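Trainee: Structure file final-v9.txt (compact mmCIF, C-alpha atoms) right here:
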```
# COMPACT_ATOMS: atom_id res chain seq x y z
CA MET A 1 -34.09 -31.01 6.66
CA MET A 2 -36.24 -31.48 3.58
CA LEU A 3 -37.28 -34.93 4.82
CA VAL A 4 -38.34 -33.44 8.15
CA ILE A 5 -40.40 -30.75 6.42
CA PHE A 6 -42.21 -33.22 4.15
CA SER A 7 -42.93 -35.52 7.08
CA LEU A 8 -44.74 -32.76 8.98
CA PRO A 9 -48.52 -33.24 9.32
CA ILE A 10 -49.39 -30.12 7.33
CA SER A 11 -50.86 -29.45 3.92
CA SER A 12 -48.81 -29.58 0.72
CA ASP A 13 -49.25 -25.83 0.16
CA SER A 14 -47.80 -25.10 3.61
CA LYS A 15 -44.83 -27.36 2.95
CA GLN A 16 -44.10 -25.57 -0.33
CA ILE A 17 -44.24 -22.19 1.44
CA ILE A 18 -41.74 -23.37 4.08
CA VAL A 19 -39.39 -24.78 1.43
CA SER A 20 -39.60 -21.52 -0.57
CA ALA A 21 -38.84 -19.45 2.53
CA ILE A 22 -35.81 -21.60 3.37
CA GLY A 23 -34.60 -21.30 -0.23
CA ILE A 24 -34.85 -17.52 -0.10
CA ILE A 25 -32.94 -17.36 3.21
CA VAL A 26 -30.17 -19.68 1.95
CA GLY A 27 -29.94 -17.82 -1.37
CA ALA A 28 -29.69 -14.44 0.35
CA THR A 29 -26.98 -15.77 2.72
CA VAL A 30 -24.91 -17.15 -0.17
CA ALA A 31 -25.38 -13.94 -2.16
CA LEU A 32 -24.24 -11.74 0.71
CA SER A 33 -21.26 -13.99 1.46
CA SER A 34 -20.17 -14.10 -2.16
CA THR A 35 -20.51 -10.32 -2.40
CA THR A 36 -18.03 -9.87 0.49
CA PHE A 37 -15.72 -12.50 -0.99
CA VAL A 38 -15.78 -10.90 -4.44
CA SER A 39 -15.36 -7.40 -2.97
CA ASN A 40 -12.25 -8.51 -1.08
CA GLY A 41 -10.92 -10.12 -4.23
CA MET A 42 -11.50 -6.99 -6.31
CA SER A 43 -9.88 -4.87 -3.60
CA GLY A 44 -6.90 -7.25 -3.62
CA ILE A 45 -6.55 -6.83 -7.38
CA MET A 46 -6.72 -3.06 -6.92
CA VAL A 47 -3.93 -3.26 -4.30
CA ARG A 48 -1.80 -5.25 -6.76
CA LEU A 49 -2.40 -2.76 -9.58
CA THR A 50 -2.02 0.51 -7.68
CA LYS A 51 0.77 -0.78 -5.36
CA PRO A 52 0.10 1.72 -2.55
CA PHE A 53 2.57 -0.16 -0.32
CA ASN A 54 5.14 -2.95 -0.37
CA VAL A 55 5.99 -5.72 2.05
CA GLY A 56 7.95 -4.18 4.93
CA ASP A 57 6.39 -0.70 4.63
CA TYR A 58 4.88 1.11 7.59
CA ILE A 59 1.18 1.76 6.92
CA ARG A 60 -1.81 3.12 8.79
CA SER A 61 -5.36 2.14 7.88
CA GLY A 62 -8.06 3.37 10.22
CA ASP A 63 -6.85 2.65 13.76
CA ILE A 64 -4.34 -0.01 12.61
CA PHE A 65 -0.64 0.87 12.38
CA GLY A 66 2.30 -1.40 11.69
CA ARG A 67 4.52 -2.97 9.03
CA VAL A 68 3.19 -5.10 6.17
CA THR A 69 4.26 -8.75 6.35
CA ASP A 70 2.13 -10.28 3.60
CA LYS A 71 -0.14 -9.31 0.69
CA THR A 72 -2.68 -11.68 -0.85
CA ILE A 73 -5.73 -11.27 -3.05
CA LEU A 74 -8.14 -11.44 -0.10
CA TYR A 75 -6.24 -9.93 2.83
CA THR A 76 -3.18 -7.99 3.99
CA ARG A 77 -1.29 -9.02 7.10
CA ILE A 78 0.20 -6.27 9.30
CA GLN A 79 2.54 -6.60 12.28
CA SER A 80 1.52 -4.10 14.95
CA GLU A 81 3.61 -2.12 17.45
CA ASP A 82 2.80 -4.86 19.98
CA ARG A 83 4.37 -7.47 17.64
CA ASP A 84 0.94 -9.00 16.94
CA LEU A 85 -0.05 -10.07 13.44
CA ILE A 86 -3.28 -8.42 12.26
CA THR A 87 -5.11 -9.82 9.25
CA VAL A 88 -7.05 -7.06 7.50
CA PRO A 89 -9.49 -7.77 4.61
CA ASN A 90 -8.43 -5.89 1.50
CA LEU A 91 -11.93 -4.39 1.28
CA LYS A 92 -11.26 -2.57 4.57
CA ILE A 93 -7.81 -1.48 3.39
CA MET A 94 -9.22 0.13 0.25
CA SER A 95 -12.36 1.50 1.92
CA ASN A 96 -10.44 3.62 4.46
CA PRO A 97 -7.85 6.36 3.98
CA LEU A 98 -4.48 4.61 3.73
CA THR A 99 -1.24 6.20 4.91
CA THR A 100 2.05 4.72 3.71
CA ILE A 101 5.29 5.93 5.26
CA ARG A 102 7.74 6.32 2.40
CA SER A 103 11.01 4.41 2.67
CA SER A 104 12.78 7.49 1.29
CA GLY A 105 11.95 9.40 4.47
CA THR A 106 9.13 10.85 6.53
CA ILE A 107 8.45 13.93 8.64
CA ILE A 108 8.42 13.31 12.39
CA SER A 109 7.23 16.05 14.74
CA THR A 110 5.97 16.76 18.22
CA ASN A 111 4.02 19.56 19.90
CA VAL A 112 4.88 21.41 23.10
CA SER A 113 2.97 24.14 24.95
CA LEU A 114 5.01 26.88 26.65
CA GLY A 115 4.11 30.06 28.48
CA TYR A 116 3.94 33.57 27.06
CA ASP A 117 6.68 34.61 29.49
CA VAL A 118 9.31 32.62 27.54
CA CYS A 119 11.07 34.35 24.63
CA ARG A 120 9.97 32.87 21.30
CA GLN A 121 13.47 33.15 19.80
CA ASP A 122 14.96 31.16 22.69
CA ILE A 123 12.30 28.48 22.25
CA GLU A 124 12.91 28.19 18.50
CA LYS A 125 16.66 27.96 19.06
CA ALA A 126 16.22 25.15 21.62
CA LEU A 127 13.73 23.23 19.47
CA LEU A 128 15.85 23.48 16.31
CA LYS A 129 18.85 22.30 18.32
CA ALA A 130 16.82 19.27 19.48
CA ALA A 131 15.82 18.39 15.90
CA ASP A 132 19.45 18.67 14.80
CA GLU A 133 20.65 16.46 17.68
CA ALA A 134 18.01 13.87 16.72
CA GLY A 135 19.50 13.67 13.21
CA LEU A 136 16.58 15.29 11.39
CA GLU A 137 17.15 17.13 8.13
CA ASP A 138 15.56 20.50 7.26
CA PRO A 139 14.17 21.06 10.79
CA PHE A 140 11.34 23.55 11.32
CA VAL A 141 9.41 25.21 14.15
CA HIS A 142 5.82 26.37 13.69
CA VAL A 143 3.52 28.24 16.06
CA LEU A 144 0.29 26.24 15.99
CA GLU A 145 -1.87 28.15 18.44
CA LEU A 146 -1.89 31.25 20.59
CA GLY A 147 -4.03 29.93 23.42
CA ASP A 148 -5.48 31.72 26.41
CA PHE A 149 -2.69 30.55 28.70
CA SER A 150 0.10 29.16 26.49
CA VAL A 151 1.64 29.04 23.02
CA THR A 152 1.66 25.69 21.18
CA TYR A 153 4.78 25.04 19.12
CA LYS A 154 5.33 22.26 16.58
CA VAL A 155 8.88 21.12 15.89
CA GLY A 156 9.86 18.51 13.34
CA GLY A 157 12.09 17.55 10.46
CA LEU A 158 12.80 14.96 7.79
CA LEU A 159 13.84 11.51 8.98
CA LYS A 160 15.66 9.94 6.02
CA GLU A 161 15.99 6.42 7.45
CA THR A 162 12.68 4.92 8.62
CA LYS A 163 13.83 1.47 9.72
CA ALA A 164 13.94 2.54 13.40
CA LEU A 165 10.90 4.83 13.21
CA LEU A 166 9.54 4.15 16.70
CA THR A 167 12.90 4.57 18.39
CA ASP A 168 13.70 7.72 16.40
CA ARG A 169 10.37 9.30 17.37
CA SER A 170 11.07 8.58 21.03
CA ASN A 171 14.65 9.84 20.83
CA PHE A 172 13.44 13.05 19.17
CA LYS A 173 11.08 13.77 22.06
CA LYS A 174 13.88 13.09 24.53
CA GLU A 175 16.05 15.61 22.72
CA VAL A 176 13.26 18.22 22.85
CA LEU A 177 12.92 17.68 26.59
CA ASP A 178 16.67 17.87 27.24
CA SER A 179 17.22 20.85 24.94
CA LEU A 180 14.53 22.96 26.61
CA HIS A 181 15.85 22.09 30.05
CA ARG A 182 19.41 23.00 29.04
CA MET A 183 18.10 26.40 27.92
CA ASP A 184 16.47 26.79 31.38
CA ILE A 185 12.96 26.70 29.87
CA GLU A 186 10.13 25.21 31.92
CA ILE A 187 7.76 22.89 30.08
CA VAL A 188 4.69 23.93 32.07
CA SER A 189 1.97 26.34 30.99
CA PRO A 190 0.76 29.17 33.24
CA THR A 191 -2.23 26.98 34.24
CA PHE A 192 0.13 24.60 36.05
CA MET A 193 -0.72 24.37 39.75
CA ASN A 194 1.06 22.51 42.54
CA GLN A 195 -0.42 22.34 46.03
CA ARG A 196 2.96 22.13 47.75
CA VAL A 197 4.36 25.28 49.25
CA MET A 198 7.33 26.32 47.15
CA LYS A 199 9.95 28.95 47.57
CA ASN A 200 9.49 32.08 45.55
CA GLY A 201 10.97 31.65 42.06
CA LYS A 202 11.13 27.81 42.24
CA ARG A 203 11.48 26.38 38.74
CA PHE A 204 10.51 22.87 37.71
CA ILE A 205 13.59 21.76 35.82
CA PRO A 206 15.69 18.75 36.83
CA PRO A 207 19.21 19.70 37.95
CA LEU A 208 21.96 19.35 35.36
CA ARG A 209 24.15 16.30 35.80
CA GLU A 210 27.86 16.74 36.29
CA ASN A 211 30.50 15.27 33.95
CA ARG A 212 28.15 15.20 30.94
CA GLU A 213 30.99 13.99 28.74
CA ASN A 214 30.80 10.68 30.65
CA GLU A 215 27.05 10.43 30.13
CA GLU A 216 27.11 6.65 29.62
CA GLU A 217 27.97 6.18 33.31
CA TYR A 218 24.77 7.98 34.31
CA ARG A 219 22.43 5.73 32.36
CA PRO A 220 21.06 3.14 34.79
CA ASP A 221 19.40 1.29 31.94
CA ARG A 222 22.66 0.85 30.01
CA ASN A 223 22.94 -2.84 30.86
CA TYR A 224 19.36 -3.46 29.75
CA ILE A 225 19.67 -2.10 26.21
CA PRO A 226 19.20 -5.04 23.79
CA GLU A 227 21.78 -5.76 21.12
CA VAL A 228 19.08 -5.47 18.47
CA SER A 229 16.88 -2.44 17.92
CA THR A 230 13.32 -2.20 19.22
CA GLU A 231 11.99 -2.32 15.66
CA GLU A 232 13.84 -5.58 14.94
CA ILE A 233 12.06 -7.19 17.88
CA ILE A 234 8.62 -5.71 17.21
CA PHE A 235 8.55 -6.06 13.42
CA ASP A 236 10.59 -9.26 13.01
CA LYS A 237 8.06 -10.88 10.69
CA ALA A 238 7.76 -7.76 8.51
CA ILE A 239 11.55 -7.38 8.30
CA GLU A 240 11.92 -11.01 7.23
CA ALA A 241 9.15 -10.67 4.62
CA LYS A 242 10.79 -7.54 3.19
CA MET A 243 14.19 -9.27 3.09
CA LEU A 244 12.75 -12.25 1.20
CA GLU A 245 10.97 -9.99 -1.29
CA LYS A 246 14.16 -8.02 -1.87
CA ALA A 247 16.05 -11.29 -2.42
CA ARG A 248 13.49 -12.47 -4.98
CA ASN A 249 13.69 -9.11 -6.79
CA THR A 250 17.49 -9.36 -6.80
CA LEU A 251 17.33 -12.81 -8.38
CA GLU A 252 14.81 -11.63 -10.98
CA TYR A 253 16.88 -8.54 -11.77
CA PHE A 254 20.09 -10.46 -12.45
CA ASP A 255 18.24 -13.18 -14.34
CA ASN A 256 17.14 -10.48 -16.79
CA LYS A 257 20.65 -8.98 -16.92
CA LYS A 258 22.49 -12.28 -17.41
CA ALA A 259 22.58 -12.39 -21.22
CA LYS A 260 23.51 -8.71 -21.55
CA VAL A 261 26.36 -8.90 -19.03
CA GLU A 262 27.88 -11.99 -20.66
CA LYS A 263 27.65 -10.35 -24.07
CA GLN A 264 29.33 -7.23 -22.75
CA ILE A 265 32.15 -9.25 -21.16
CA SER A 266 32.77 -11.03 -24.45
CA CYS A 267 33.61 -7.75 -26.23
CA LEU A 268 36.22 -6.72 -23.65
CA PRO A 269 39.99 -7.11 -24.23
CA GLU A 270 41.09 -10.67 -23.51
CA GLU A 271 42.88 -10.00 -20.21
CA THR A 272 40.11 -7.78 -18.85
CA ALA A 273 37.44 -10.21 -20.08
CA GLU A 274 39.03 -13.08 -18.15
CA ILE A 275 39.07 -11.07 -14.92
CA GLN A 276 35.47 -9.91 -15.35
CA GLN A 277 34.33 -13.42 -16.25
CA ASN A 278 35.75 -14.66 -12.95
CA ASN A 279 33.98 -11.84 -11.13
CA TRP A 280 30.73 -12.63 -12.90
CA SER A 281 31.07 -16.33 -12.04
CA SER A 282 31.55 -15.38 -8.38
CA ILE A 283 28.41 -13.22 -8.50
CA LYS A 284 26.40 -16.06 -10.08
CA ASP A 285 27.58 -18.45 -7.35
CA ARG A 286 26.38 -16.04 -4.68
CA LEU A 287 23.06 -15.60 -6.50
CA GLY A 288 22.71 -19.37 -6.30
CA ASN A 289 23.35 -19.17 -2.55
CA ILE A 290 20.67 -16.47 -2.26
CA GLU A 291 18.17 -18.71 -4.06
CA GLN A 292 18.94 -21.63 -1.74
CA ILE A 293 18.59 -19.47 1.38
CA VAL A 294 15.26 -18.04 0.18
CA GLU A 295 13.89 -21.53 -0.45
CA ALA A 296 15.06 -22.68 2.98
CA LEU A 297 13.52 -19.69 4.77
CA GLU A 298 10.21 -20.13 2.96
CA LYS A 299 10.04 -23.72 4.22
CA ALA A 300 11.20 -22.86 7.76
CA PRO A 301 8.72 -22.67 10.68
CA GLU A 302 7.19 -19.37 11.65
CA PRO A 303 9.55 -17.21 13.77
CA GLY A 304 7.04 -17.35 16.63
CA GLU A 305 7.53 -21.12 16.84
CA MET A 306 11.26 -20.74 17.31
CA GLU A 307 11.62 -17.93 19.85
CA SER A 308 14.32 -18.33 22.52
CA SER A 309 15.60 -21.49 20.86
CA PRO A 310 18.84 -22.38 19.05
CA GLU A 311 16.81 -22.60 15.83
CA GLY A 312 15.57 -19.04 16.39
CA LEU A 313 19.10 -17.70 16.77
CA LEU A 314 20.16 -19.60 13.66
CA HIS A 315 17.21 -18.13 11.76
CA SER A 316 18.35 -14.62 12.67
CA LYS A 317 21.93 -15.36 11.60
CA VAL A 318 20.69 -16.72 8.27
CA LEU A 319 18.84 -13.44 7.59
CA GLU A 320 21.99 -11.46 8.41
CA HIS A 321 23.99 -13.71 6.08
CA LEU A 322 21.41 -13.23 3.32
CA ARG A 323 21.66 -9.45 3.66
CA SER A 324 25.47 -9.53 3.53
CA ILE A 325 25.46 -11.70 0.39
CA MET A 326 23.03 -9.35 -1.40
CA ASP A 327 25.11 -6.32 -0.40
CA SER A 328 28.30 -7.94 -1.69
CA VAL A 329 26.61 -8.90 -4.98
CA LEU A 330 25.44 -5.33 -5.62
CA GLU A 331 28.82 -3.88 -4.67
CA ASP A 332 30.82 -6.25 -6.91
CA TYR A 333 28.40 -5.83 -9.81
CA ASN A 334 28.72 -2.05 -9.67
CA LYS A 335 32.51 -2.38 -9.76
CA MET A 336 32.16 -4.57 -12.86
CA VAL A 337 29.93 -1.97 -14.51
CA GLU A 338 32.47 0.79 -13.86
CA ILE A 339 35.27 -1.26 -15.44
CA MET A 340 33.21 -2.27 -18.48
CA GLU A 341 32.04 1.31 -19.03
CA SER A 342 35.62 2.54 -18.83
CA GLU A 343 36.51 0.10 -21.63
CA SER A 344 33.79 1.69 -23.82
CA CYS A 345 32.50 -1.68 -24.90
CA GLU A 346 29.64 -1.18 -27.40
CA ILE A 347 26.71 -3.60 -27.35
CA GLU A 348 23.45 -3.65 -29.26
CA ASP A 349 21.02 -3.74 -26.37
CA LYS A 350 21.46 -0.49 -24.47
CA LYS A 351 18.47 -0.87 -22.15
CA SER A 352 18.99 -2.22 -18.66
CA TYR A 353 16.34 -3.97 -16.62
CA GLY A 354 14.28 -1.36 -14.80
CA LEU A 355 16.92 1.35 -15.28
CA PRO A 356 17.42 4.32 -17.60
CA GLU A 357 19.60 3.76 -20.64
CA SER A 358 22.44 5.79 -19.17
CA LYS A 359 22.43 3.91 -15.86
CA GLU A 360 23.97 0.45 -15.68
CA SER A 361 24.92 0.31 -12.01
CA VAL A 362 22.31 -0.90 -9.55
CA SER A 363 21.44 0.19 -6.03
CA GLU A 364 19.38 -1.41 -3.30
CA ASN A 365 16.34 0.67 -4.35
CA ASP A 366 16.53 -0.62 -7.93
CA VAL A 367 15.87 -4.21 -6.87
CA ASN A 368 13.15 -3.39 -4.32
```
Here is the file; what I need is its structure written in the form of structure tokens.
Mentor:
Amino acid sequence: MMLVIFSLPISSDSKQIIVSAIGIIVGATVALSSTTFVSNGMSGIMVRLTKPFNVGDYIRSGDIFGRVTDKTILYTRIQSEDRDLITVPNLKIMSNPLTTIRSSGTIISTNVSLGYDVCRQDIEKALLKAADEAGLEDPFVHVLELGDFSVTYKVGGLLKETKALLTDRSNFKKEVLDSLHRMDIEIVSPTFMNQRVMKNGKRFIPPLRENRENEEEYRPDRNYIPEVSTEEIIFDKAIEAKMLEKARNTLEYFDNKKAKVEKQISCLPEETAEIQQNNWSSIKDRLGNIEQIVEALEKAPEPGEMESSPEGLLHSKVLEHLRSIMDSVLEDYNKMVEIMESESCEIEDKKSYGLPESKESVSENDVN
């Protein structure tokens, strides 16, 4: 470009002005680009330091909702409800209000508008029954609005297990619908209008089915229910990422505990020490298997490349196997801890990795 400029039949002063203008434009472009790059990097560092979410968590940022599959310095990858992978710059994540659904539980709720002619106590009873049937803890019913034509109620409760969040939300709404209908309560406000000529006193509630105890026979979609949950299909990438992170944390946890456990075993009575040494050797072998599986999964193709193939089915089985190994390791380790504590074996180092001094056993949350 510079050669073209200097070959133009114009004066030297004009050429210098053109070169200066181009330099300013290029410099401004680089400066703006680097500002965005640096801002994303700083936001990524802030995400690492504040840890507002982990891999596998449900989050909402702006109009994006899904489960986190990956965190880097520059971007965060989220798997949406449509199973798509969305790459979001960390600058956008930190510049918008961020909602993280806690793995310890979340409140799910729904609103319903009912007429003034329906007894409030009957409505509350039906709604609380629906929340209980949906498996929610500490259910509640609030009156949100006394409108001109209807009363708006909000019913909800604490959902302790969030793995099947989408399905549980849907099932909760189904229970609300069924519970109100069983109590002979119409879910239409007084502004409802139907142009058909109806008999006096006609109510818009589906008729109750007979033989409710054999309800499975009346579900036409029974044969179409997949063996895996909806969330396992939608958030497969996020579930795998969370499983791998949990496996890495498990390996790190026991790597830090190794010396302390072996020292504690050595101070046990001879017969007990031999048994616990065998148990500890078994746990170490399984930890080695976990490490090998993690390495293999990290090198494996993306799940999207293996759908509906034998490799895809094998991939799913490997994840199930990884989960079962980690569960067995935690269970056997906790049994070891109980035995060693019952022997009152004193050791110098009383602190356990990431746990209070009085707590030696480990749960799934401790290695997350």
Trainee: With distances taken over all atoms listed in the file, which of A:Ser39, A:Ser281, A:Gln121, A:Thr87 is nearest to Met183 (chain A)?
Mentor: A:Gln121
Trainee: So that I can check the surroundings of Arg286 (chain A), please list as a list in words every protein, DNA and RNA residue that reaches within 10 Å of it, counting only C-alpha atoms and ignoring chain neighbours fewer than 6 positions away.
Mentor: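 So, after excluding close chain neighbours, the residues are Trp280, Gln292, Leu322, Ile325, Met326, Ser328 and Val329 of chain A.
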Trainee: Provide the CA of Thr72 (chain A) to CA of Leu85 (chain A) distance in Å, to one decimal place.
Mentor: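 So the two atoms, CA of Thr72 (chain A) and CA of Leu85 (chain A), lie 14.6 Å apart.
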Trainee: Would you list the contacts of Lys160 (chain A) as a list in words, taking every protein, DNA or RNA residue within 7 Å and counting all atoms listed in the file, but skipping same-chain residues closer than 6 positions in sequence?
Mentor: Ser104, Gly105 and Thr106 of chain A
Trainee: Would you mind listing what lies within 12 Å of Met336 (chain A) as a VMD selection string, with all atoms listed in the file counted and same-chain residues fewer than 4 positions away left out?
Mentor: chain A and resid 261 to 262 264 to 265 268 272 to 273 275 to 283 329 to 332 340 to 343 360 to 362
Trainee: Show which residues sit within 12 Å of Arg102 (chain A), as an mmCIF file with C-alpha atoms, in the frame of the given file. Count all atoms listed in the file, and ignore same-chain residues fewer than 2 positions away.
Mentor:
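The resulting file, out-v5.cif, is shown below:
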```cif
data_model
loop_
_atom_site.group_PDB
_atom_site.id
_atom_site.type_symbol
_atom_site.label_atom_id
_atom_site.label_comp_id
_atom_site.auth_asym_id
_atom_site.auth_seq_id
_atom_site.Cartn_x
_atom_site.Cartn_y
_atom_site.Cartn_z
ATOM 1 C CA PRO A 52 0.100 1.720 -2.550
ATOM 2 C CA PHE A 53 2.570 -0.160 -0.320
ATOM 3 C CA ASN A 54 5.140 -2.950 -0.370
ATOM 4 C CA GLY A 56 7.950 -4.180 4.930
ATOM 5 C CA ASP A 57 6.390 -0.700 4.630
ATOM 6 C CA TYR A 58 4.880 1.110 7.590
ATOM 7 C CA ILE A 59 1.180 1.760 6.920
ATOM 8 C CA ARG A 60 -1.810 3.120 8.790
ATOM 9 C CA ARG A 67 4.520 -2.970 9.030
ATOM 10 C CA THR A 99 -1.240 6.200 4.910
ATOM 11 C CA THR A 100 2.050 4.720 3.710
ATOM 12 C CA SER A 104 12.780 7.490 1.290
ATOM 13 C CA GLY A 105 11.950 9.400 4.470
ATOM 14 C CA THR A 106 9.130 10.850 6.530
ATOM 15 C CA ILE A 107 8.450 13.930 8.640
ATOM 16 C CA LEU A 158 12.800 14.960 7.790
ATOM 17 C CA LEU A 159 13.840 11.510 8.980
ATOM 18 C CA LYS A 160 15.660 9.940 6.020
ATOM 19 C CA GLU A 161 15.990 6.420 7.450
ATOM 20 C CA THR A 162 12.680 4.920 8.620
ATOM 21 C CA LYS A 163 13.830 1.470 9.720
ATOM 22 C CA LEU A 165 10.900 4.830 13.210
#
```
Trainee: Between A:Val55, A:Ile234, A:Val176, A:Val118, single out the one closest to Asp132 (chain A), counting all atoms listed in the file.
Mentor: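 Looking at the shortest contact to Asp132 (chain A), the residue is A:Val176.
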Trainee: In the coordinates of the file, take the point (14.5, 1.5, 15.3) and a cut-off of 9 Å; then, counting only C-alpha atoms, name each qualifying protein, DNA or RNA residue as a PyMOL selection string.
Mentor: chain A and resi 162-168+228-232
